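Visitor: One structure, as C-alpha cells, below. Some questions next.
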There are 2 protein chains.
Amino acid sequence: MKDKYTVAVDGFGGDEAPDVVIEGLSRALKKNTDNVKFLLFGDYGILKSKVDKYSNLAKNVEIVHAEDVVSADMKPSDAVRKCRKSSMWQAIDAVKSGVADGVISAGNTGALMAMATISLRTIPGIHRPAITTIIPNLKGYSTVLDLGANAESSSRNLVEFAVMGSAYSRVRLGVTKPVVGLLNIGSENNKGREEIREAANVLKEAGSDLGFEFKGFVEGFDIGSGTVDVIVTDGFTGNVTLKAIEGTSKFISNVLREAVLDSSILAKIGYFLMRPAIQKMKDKVDPRIYNGALLAGVNGVVVKSHGGTDALGYSVALKAVTDFIRFEINEMIKKDLEELGETENYYALVAES
Amino acid sequence: MKDKYTVAVDGFGGDEAPDVVIEGLSRALKKNTDNVKFLLFGDYGILKSKVDKYSNLAKNVEIVHAEDVVSADMKPSDAVRKCRKSSMWQAIDAVKSGVADGVISAGNTGALMAMATISLRTIPGIHRPAITTIIPNLKGYSTVLDLGANAESSSRNLVEFAVMGSAYSRVRLGVTKPVVGLLNIGSENNKGREEIREAANVLKEAGSDLGFEFKGFVEGFDIGSGTVDVIVTDGFTGNVTLKAIEGTSKFISNVLREAVLDSSILAKIGYFLMRPAIQKMKDKVDPRIYNGALLAGVNGVVVKSHGGTDALGYSVALKAVTDFIRFEINEMIKKDLEELGETENYYALVAES
C-alpha cells in the first residue's frame with residue numbers, strides 16, 4: 001500500500017479537453033487531498049488560466065508544459081513517431097522516469113496503448129497488455145478484458161489476462177478472491193477454440209494458490225447475469241461484444257422512447273410518473289460511474305478515461321488510477337505470475353511464445 | 001420460385017414437443033394451405049392422437065413414424081452414431097431422398113447441424129455451413145451469421161457467409177440488394193484479423209455483380225443501430241455476441257423492474273399506465289417473431305426453431321422454412337458463388353483451403 005503518490009495527467013486528451021480534465025481534477029480533489037499530487041501536462045498558458053479558476057487545485061496540481069497534442073484520429077504508429085513532445089507522451093514519460101507513479105489520459109486509445117507499451121514495456125513475464133474495464137451486471141459489476149488491445153490472443157495471453165483481470169477486480173471492486181471465467185461458446189470441456197481450452201487447463205492446474213478462483217468456461221449471457229467477477233476473452237471478441245452490449249442498451253432505450261411517443265396519453269403520463277424509476281435504471285448503467293480502463297500488463301499504471309465523458313466521469317477515472325497506484329496492482333499481478341510460474345503447463349506456454 | 005413443396009418436420013424436437021410443433025402447424029395452416037404438405041416425423045401413435053385434435057391438419061399433414069428421439073443434451077457425435085431412427089434423422093433423410101424440399105426441427109442444434117451436414121453435405125462450392133438468423137435493430141432487422149456452427153472461420157468461410165447471409169436477407173426480409181458488413185474491431189482497412197481483411201479484399205473485388213452490396217467493416221454497435229442488412233462474423237464471435245445481446249436485454253428489463261419496485265407509489269402507477277408502451281417495446285424484441293435460424297450452406301433447406309418457443313414462434317419458423325423453399329434460397333447462393341468464382345482473389349482462397 002502506497003501512502004503518497006503522484007499521478008501524471010494528460011491535459012489534452014479527450015473530446016472536451018482540457019476543460020473536462022481540469023473540472024474532473026477539481027471534483028476529485030474535493031476529498032483525499034493530502035496524499036496525491038497531480039502533474040498536469042499540456043500547453044502551460046492555456047492550462048494555467050483554466051486551473052486558476054478552481055481554488056482547490058493550487059495545492060495539488062502542478063502544470064508541466066508540453067507543446068504538442070495527439071489528435072483523436074491519429075494513427076498510433078504516427079503518434080509514436082511524431083508526438084514525443086505531446087502531453088500524452090510526456091505524461092507517460094513521467095512514469096518512466098519515476099517522477100509519477102501512474103498516468104491517465106482520455107485521448108486516442110491506440111496511441112496511448114502504443115506509447116505506453118513502447119515507453120514502459122510490459123510487466124516482466126507478461127507477454128501482452130490488455131485493456132480492462134468494468135461493466136454493470138445483474139449482481140453488480142464484472143471486470144472484462146481484453147477489450148481490443150490485441151486482435152488475437154494465445155493461450156498464454158488468456159492465462160495472463162486472468163491474472164490481470166483478477167487484480168483489477170480486487171482493487172477496483174474490492175472483491176477478495178474474484179471468480180474468473182473464460183468466455184467460450186459452450187460450457188463443456190471440449191467446446192470452442194484450442195487456445196481457450198489450453199488456457200483453461202493451465203488455470204485449473206494453477207488452482208487455489210492464485211489470488212482468484214477459476215470457474216471454467218462462461219458464455220455471452222453470463223456477462224449480463226454476473227455469474228463471475230472477471231470475464232477473460234481475446235481482444236477481438238471483447239471489443240465486439242462490449243460494443244454490441246452498448247449498442248443494445250441504446251437500441252432498447254430508443255425502442256422504449258418510440259413506444260411511449262406512439263402510445264396513448266395515459267401511457268405518456270405513466271412515463272412521466274415513472275421517471276424516478278427510469279432515472280434509477282439509467283444511474284445503474286451510467287458509463288460515467290464505471291469509467292476508467294486499465295492498460296493492464298503495462299509496467300506502470302496507465303489508465304484510459306472514456307474520451308467523451310464529463311467531469312464526473314473523469315473524476316471516477318482519477319479515483320481508479322489512484323486506487324491502482326495505492327493498492328499496487330502491478331505487485332498483485334507479479335505475485336500471481338510467480339505462483340503460475342510454478343506450474344508446468346504455464347511454463348510450457350511461456351516457452352512456446 | 002417453387003409452387004408446391006413438402007416440408008419434413010421433426011415432431012419430437014424442442015422443449016415442449018410434440019405439442020408446440022403440432023399447434024404451430026395448425027397456426028401455420030390457417031393460411032396458405034394449398035401448396036404445402038408437411039411430413040411430421042415421430043412416434044405415430046402419440047402424433048396421431050394429438051394431430052386429430054386439430055381439424056385443419058388432416059388435409060396437409062402426414063405422419064411418418066420414427067421410433068427414436070434425439071435428446072436435448074446428447075452430444076452431436078453420439079446422436080449421429082446412435083440415432084438413425086430418430087425423428088430428426090428421418091426428417092433430414094426425407095430431404096436427402098427428395099421426398100421433402102426442406103426440414104425443420106426445434107431440437108438439439110449441434111445434432112441437427114452434424115446430421116444435416118453428414119446427410120445432405122454442403123452446397124457445391126460452399127466450404128462450411130453457418131447458422132444464420134435475424135435480430136431486431138433500430139431500423140428493423142439484421143441478418144447475422146455465423147452464430148456458432150464453427151469455432152473459427154477462414155477468409156474463404158467469411159466470403160461465403162456474406163453470400164449466404166445476403167440470400168437469407170433477400171428471402172426472409174425482402175431486401176432487394178442487401179448491404180453486407182464484416183464485423184471487425186475498427187472500420188479502417190488495416191484493422192483486425194488477417195482473415196477478415198483478406199475476406200474484405202475479395203468482397204470488394206467481386207463488387208457489383210453479386211446479389212448484395214459490400215459495405216466494408218462494421219463494429220459491434222452497428223448490430224443494434226442497423227447500419228447494414230447483413231453482419232458477417234466467425235462462429236465464435238457471433239455466438240458470444242448474440243448471447244451477450246440477449247443477456248443485456250434481460251439485464252436491462254430486470255434493472256427496470258427492480259427500479260420500479262424500489263420506487264414511490266406514483267412511479268408504480270406510472271409503470272402500470274405505461275404497460276401498453278412497454279408491451280409495444282417487448283413485441284418489437286419478441287424472439288418469437290423472428291424465430292427460425294437457417295443452417296445456411298447445407299445442400300438442402302434446414303431450419304432450426306428455438307427449442308423453447310411456443311406455437312406462435314414455431315409457426316413463424318414454419319413460415320421461414322417454406323419461404324426458403326419457395327424462393328429457392330440455395331439457388332440464389334449458387335448464383336452468387338458462380339459470380340465469385342470469376343474473381344481471382346476468391347479462386348486463390350478456394351485453392352488454399
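Letters A, B, ... mark the chains of the C-alpha cells in the order given; residue numbers begin at 1 per chain; ligand numbers begin at 1, in order shown.
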From a DSSP pass on the backbone, collect the residues of region 73-312 of chain A flagged as alpha helix (DSSP H) and hand them back as a PyMOL selection string.
Guide: chain A and resi 76-82+87-96+109-120+155-173+194-206+221-225+235-261+265-285+311-312
Visitor: Listing only residues of chain A within 8 Å of chain B, what is the closest atom pair and its distance in Å (to one decimal) for each, using only C-alpha atoms, sorted by chain and residue number ascending, as a Markdown table?
Guide:
```
| residue | atom | partner | partner_atom | distance |
| --- | --- | --- | --- | --- |
| A:Asn137 | CA | B:Phe251 | CA | 6.7 |
| A:Leu138 | CA | B:Phe251 | CA | 5.9 |
| A:Gly148 | CA | B:Ile185 | CA | 7.2 |
| A:Ala151 | CA | B:Gly192 | CA | 5.4 |
| A:Glu152 | CA | B:Arg193 | CA | 7.2 |
| A:Leu183 | CA | B:Val240 | CA | 7.8 |
| A:Asn184 | CA | B:Val240 | CA | 7.1 |
| A:Ile185 | CA | B:Val240 | CA | 6.2 |
| A:Gly192 | CA | B:Ala151 | CA | 5.4 |
| A:Arg193 | CA | B:Ala151 | CA | 5.9 |
| A:Glu219 | CA | B:Val240 | CA | 6.4 |
| A:Gly220 | CA | B:Ala244 | CA | 4.2 |
| A:Phe221 | CA | B:Gly247 | CA | 4.3 |
| A:Asp222 | CA | B:Gly247 | CA | 7.1 |
| A:Ile223 | CA | B:Ala244 | CA | 6.5 |
| A:Gly224 | CA | B:Gly247 | CA | 5.0 |
| A:Ser225 | CA | B:Gly247 | CA | 6.7 |
| A:Phe236 | CA | B:Ile185 | CA | 6.3 |
| A:Thr237 | CA | B:Thr237 | CA | 5.6 |
| A:Asn239 | CA | B:Ile185 | CA | 6.2 |
| A:Val240 | CA | B:Gly220 | CA | 4.5 |
| A:Thr241 | CA | B:Thr241 | CA | 5.1 |
| A:Leu242 | CA | B:Gly220 | CA | 7.2 |
| A:Lys243 | CA | B:Gly220 | CA | 4.5 |
| A:Ala244 | CA | B:Gly220 | CA | 4.2 |
| A:Ile245 | CA | B:Ile245 | CA | 5.8 |
| A:Glu246 | CA | B:Phe221 | CA | 6.5 |
| A:Gly247 | CA | B:Phe221 | CA | 4.3 |
| A:Thr248 | CA | B:Gly224 | CA | 5.4 |
| A:Ser249 | CA | B:Thr248 | CA | 7.2 |
| A:Lys250 | CA | B:Gly224 | CA | 7.7 |
| A:Phe251 | CA | B:Gly224 | CA | 5.7 |
| A:Ile252 | CA | B:Ser249 | CA | 7.5 |
| A:Asn254 | CA | B:Leu138 | CA | 7.6 |
| A:Val255 | CA | B:Met281 | CA | 5.9 |
| A:Leu256 | CA | B:Met281 | CA | 5.6 |
| A:Ala259 | CA | B:Ala277 | CA | 4.9 |
| A:Val260 | CA | B:Ala277 | CA | 5.2 |
| A:Asp262 | CA | B:Ala277 | CA | 7.7 |
| A:Ser263 | CA | B:Ala277 | CA | 5.9 |
| A:Leu266 | CA | B:Leu273 | CA | 5.9 |
| A:Ala267 | CA | B:Met274 | CA | 4.1 |
| A:Lys268 | CA | B:Met274 | CA | 6.9 |
| A:Ile269 | CA | B:Gly270 | CA | 6.8 |
| A:Gly270 | CA | B:Gly270 | CA | 3.5 |
| A:Tyr271 | CA | B:Gly270 | CA | 5.8 |
| A:Phe272 | CA | B:Gly270 | CA | 7.0 |
| A:Leu273 | CA | B:Gly270 | CA | 4.7 |
| A:Met274 | CA | B:Ala267 | CA | 4.1 |
| A:Arg275 | CA | B:Ala267 | CA | 7.1 |
| A:Pro276 | CA | B:Ala267 | CA | 6.8 |
| A:Ala277 | CA | B:Ala259 | CA | 4.9 |
| A:Ile278 | CA | B:Leu256 | CA | 6.7 |
| A:Lys280 | CA | B:Ala259 | CA | 5.9 |
| A:Met281 | CA | B:Leu256 | CA | 5.6 |
| A:Lys284 | CA | B:Val255 | CA | 7.9 |
```
Visitor: For C-alpha atoms, I'd like the residues from the last selection saved as a compact mmCIF listing (two decimals), in the first residue's frame.
Guide:
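Saved result, selection00.txt, follows:
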```
# COMPACT_ATOMS: atom_id res chain seq x y z
CA ASN A 137 -24.48 -6.74 -14.49
CA LEU A 138 -27.46 -8.02 -12.50
CA GLY A 148 -9.19 -4.65 -28.03
CA ALA A 151 -6.74 -8.73 -32.37
CA GLU A 152 -5.80 -12.27 -31.36
CA LEU A 183 -15.57 -16.71 -22.43
CA ASN A 184 -16.46 -19.59 -24.75
CA ILE A 185 -19.29 -20.87 -26.95
CA GLY A 192 -14.54 -23.72 -28.55
CA ARG A 193 -11.11 -22.79 -29.70
CA GLU A 219 -20.93 -17.79 -22.24
CA GLY A 220 -22.10 -14.47 -23.63
CA PHE A 221 -25.18 -14.24 -21.40
CA ASP A 222 -23.02 -14.62 -18.29
CA ILE A 223 -21.73 -11.08 -18.84
CA GLY A 224 -25.14 -9.60 -18.06
CA SER A 225 -26.12 -12.09 -15.39
CA PHE A 236 -11.39 -9.16 -30.81
CA THR A 237 -14.29 -10.86 -29.07
CA ASN A 239 -14.17 -5.39 -28.32
CA VAL A 240 -17.05 -6.59 -30.49
CA THR A 241 -19.05 -7.85 -27.51
CA LEU A 242 -18.68 -4.69 -25.45
CA LYS A 243 -19.69 -2.52 -28.39
CA ALA A 244 -22.64 -4.82 -29.11
CA ILE A 245 -23.76 -4.50 -25.48
CA GLU A 246 -23.54 -0.70 -25.68
CA GLY A 247 -25.48 -0.81 -28.95
CA THR A 248 -28.16 -2.99 -27.39
CA SER A 249 -28.64 -0.63 -24.43
CA LYS A 250 -29.04 2.25 -26.85
CA PHE A 251 -31.40 0.24 -29.03
CA ILE A 252 -33.63 -0.73 -26.12
CA ASN A 254 -34.71 4.08 -28.21
CA VAL A 255 -37.40 1.44 -28.70
CA LEU A 256 -38.91 2.31 -25.32
CA ALA A 259 -43.14 3.10 -27.93
CA VAL A 260 -44.04 5.84 -25.43
CA ASP A 262 -46.50 6.16 -30.09
CA SER A 263 -48.85 5.43 -27.18
CA LEU A 266 -52.22 7.69 -20.32
CA ALA A 267 -49.04 5.82 -21.21
CA LYS A 268 -47.29 9.16 -21.60
CA ILE A 269 -48.46 10.22 -18.15
CA GLY A 270 -47.24 6.85 -16.93
CA TYR A 271 -43.82 7.52 -18.39
CA PHE A 272 -43.77 10.90 -16.65
CA LEU A 273 -44.66 9.37 -13.28
CA MET A 274 -42.12 6.62 -13.79
CA ARG A 275 -39.25 8.98 -14.40
CA PRO A 276 -37.64 8.48 -10.98
CA ALA A 277 -37.51 4.73 -11.60
CA ILE A 278 -36.16 5.22 -15.11
CA LYS A 280 -32.55 4.84 -11.17
CA MET A 281 -32.13 2.42 -14.03
CA LYS A 284 -27.16 1.87 -12.69
```
Visitor: Name the closest residue to Thr133 (chain B) among the candidates B:Lys2, B:Lys335, B:Lys53, B:His306; distances are taken between atoms, counting only C-alpha atoms.
Guide: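 Between B:Lys2, B:Lys335, B:Lys53, B:His306, the residue approaching Thr133 (chain B) most closely is B:His306.
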Visitor: Using only C-alpha atoms, which protein or nucleic acid residues come within 9 Å of Ser86 (chain B)? Drop anything in the same chain fewer than 6 positions from it, and give the result as an MDAnalysis selection string.
Guide: chainID B and resid 10 12 41:42 66:70 79
Visitor: Need the shell around Ala162 (chain B): protein/DNA/RNA residues with any atom at most 12 Å away, counting only C-alpha atoms. Skip same-chain ones fewer than 5 positions apart. Format as a ChimeraX atom specification?
Guide: /B:126,129-130,132,143-146,155-157,167-169,178-183,196,199-200,202-204,206,210-216,228-234,296-297,333,336-337,340
Visitor: Excluding same-chain residues fewer than 4 positions from region 318-328 of chain B, what lies within 10 Å of it counting only C-alpha atoms, as a ChimeraX atom specification?
Guide: /B:1-9,21,24-25,27-29,32,35-36,38,101-105,167-168,170-172,290-294,300-305,312-314,332-333
Visitor: From a DSSP pass on the backbone, collect the residues of region 9-239 of chain B flagged as strand (DSSP E or B) and hand them back as a PDB file with C-alpha atoms, in the first residue's frame.
Guide:
```pdb
ATOM      1  CA  VAL B   9     -40.999 -31.661 -39.628  1.00  0.00           C
ATOM      2  CA  ASP B  10     -39.170 -33.156 -36.653  1.00  0.00           C
ATOM      3  CA  VAL B  36     -47.698 -27.099 -48.873  1.00  0.00           C
ATOM      4  CA  LYS B  37     -47.559 -30.571 -47.400  1.00  0.00           C
ATOM      5  CA  PHE B  38     -45.975 -31.340 -44.039  1.00  0.00           C
ATOM      6  CA  LEU B  39     -44.465 -34.711 -43.209  1.00  0.00           C
ATOM      7  CA  LEU B  40     -44.492 -34.974 -39.446  1.00  0.00           C
ATOM      8  CA  PHE B  41     -41.869 -37.386 -38.082  1.00  0.00           C
ATOM      9  CA  GLY B  42     -42.098 -39.197 -34.753  1.00  0.00           C
ATOM     10  CA  VAL B  61     -50.133 -33.120 -42.544  1.00  0.00           C
ATOM     11  CA  GLU B  62     -48.969 -36.679 -43.000  1.00  0.00           C
ATOM     12  CA  ILE B  63     -47.458 -38.511 -40.052  1.00  0.00           C
ATOM     13  CA  VAL B  64     -44.361 -40.625 -40.710  1.00  0.00           C
ATOM     14  CA  HIS B  65     -43.381 -42.992 -37.941  1.00  0.00           C
ATOM     15  CA  ASP B  68     -36.423 -42.721 -31.656  1.00  0.00           C
ATOM     16  CA  SER B  86     -34.827 -40.687 -34.683  1.00  0.00           C
ATOM     17  CA  GLY B 102     -36.755 -28.809 -46.644  1.00  0.00           C
ATOM     18  CA  VAL B 103     -36.731 -29.737 -42.971  1.00  0.00           C
ATOM     19  CA  ILE B 104     -37.415 -28.019 -39.657  1.00  0.00           C
ATOM     20  CA  SER B 105     -36.514 -29.025 -36.111  1.00  0.00           C
ATOM     21  CA  THR B 122     -22.833 -28.636 -48.295  1.00  0.00           C
ATOM     22  CA  ALA B 130     -23.184 -21.268 -40.899  1.00  0.00           C
ATOM     23  CA  ILE B 131     -26.073 -20.737 -38.513  1.00  0.00           C
ATOM     24  CA  THR B 132     -27.962 -17.686 -39.738  1.00  0.00           C
ATOM     25  CA  THR B 133     -30.708 -15.726 -38.041  1.00  0.00           C
ATOM     26  CA  ILE B 134     -32.204 -12.259 -37.743  1.00  0.00           C
ATOM     27  CA  ILE B 135     -32.220  -9.943 -34.760  1.00  0.00           C
ATOM     28  CA  PRO B 136     -34.027  -6.636 -34.267  1.00  0.00           C
ATOM     29  CA  TYR B 141     -33.861  -6.457 -38.526  1.00  0.00           C
ATOM     30  CA  SER B 142     -30.295  -7.514 -39.267  1.00  0.00           C
ATOM     31  CA  THR B 143     -29.306 -10.905 -40.586  1.00  0.00           C
ATOM     32  CA  VAL B 144     -26.360 -12.250 -38.592  1.00  0.00           C
ATOM     33  CA  LEU B 145     -24.095 -15.247 -39.231  1.00  0.00           C
ATOM     34  CA  VAL B 179     -25.853  -4.253 -47.668  1.00  0.00           C
ATOM     35  CA  VAL B 180     -23.290  -6.569 -46.068  1.00  0.00           C
ATOM     36  CA  GLY B 181     -20.749  -5.642 -43.390  1.00  0.00           C
ATOM     37  CA  LEU B 182     -17.855  -7.657 -41.959  1.00  0.00           C
ATOM     38  CA  LEU B 183     -17.676  -7.433 -38.172  1.00  0.00           C
ATOM     39  CA  GLU B 213     -23.526  -4.635 -51.772  1.00  0.00           C
ATOM     40  CA  PHE B 214     -20.403  -4.944 -49.618  1.00  0.00           C
ATOM     41  CA  LYS B 215     -20.020  -2.040 -47.250  1.00  0.00           C
ATOM     42  CA  GLY B 216     -16.723  -2.968 -45.586  1.00  0.00           C
ATOM     43  CA  PHE B 217     -16.071  -3.298 -41.873  1.00  0.00           C
ATOM     44  CA  VAL B 218     -18.685  -2.698 -39.202  1.00  0.00           C
ATOM     45  CA  VAL B 230     -26.218  -8.458 -43.034  1.00  0.00           C
ATOM     46  CA  ILE B 231     -23.497  -8.856 -40.406  1.00  0.00           C
ATOM     47  CA  VAL B 232     -20.853 -11.440 -41.204  1.00  0.00           C
TER      48      VAL B 232
END
```
Visitor: Give me, please, the distance in Å between CA of Ala17 (chain A) and CA of Asp52 (chain A), quoted to one decimal.
Guide: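 Going from CA of Ala17 (chain A) over to CA of Asp52 (chain A) covers 15.9 Å.
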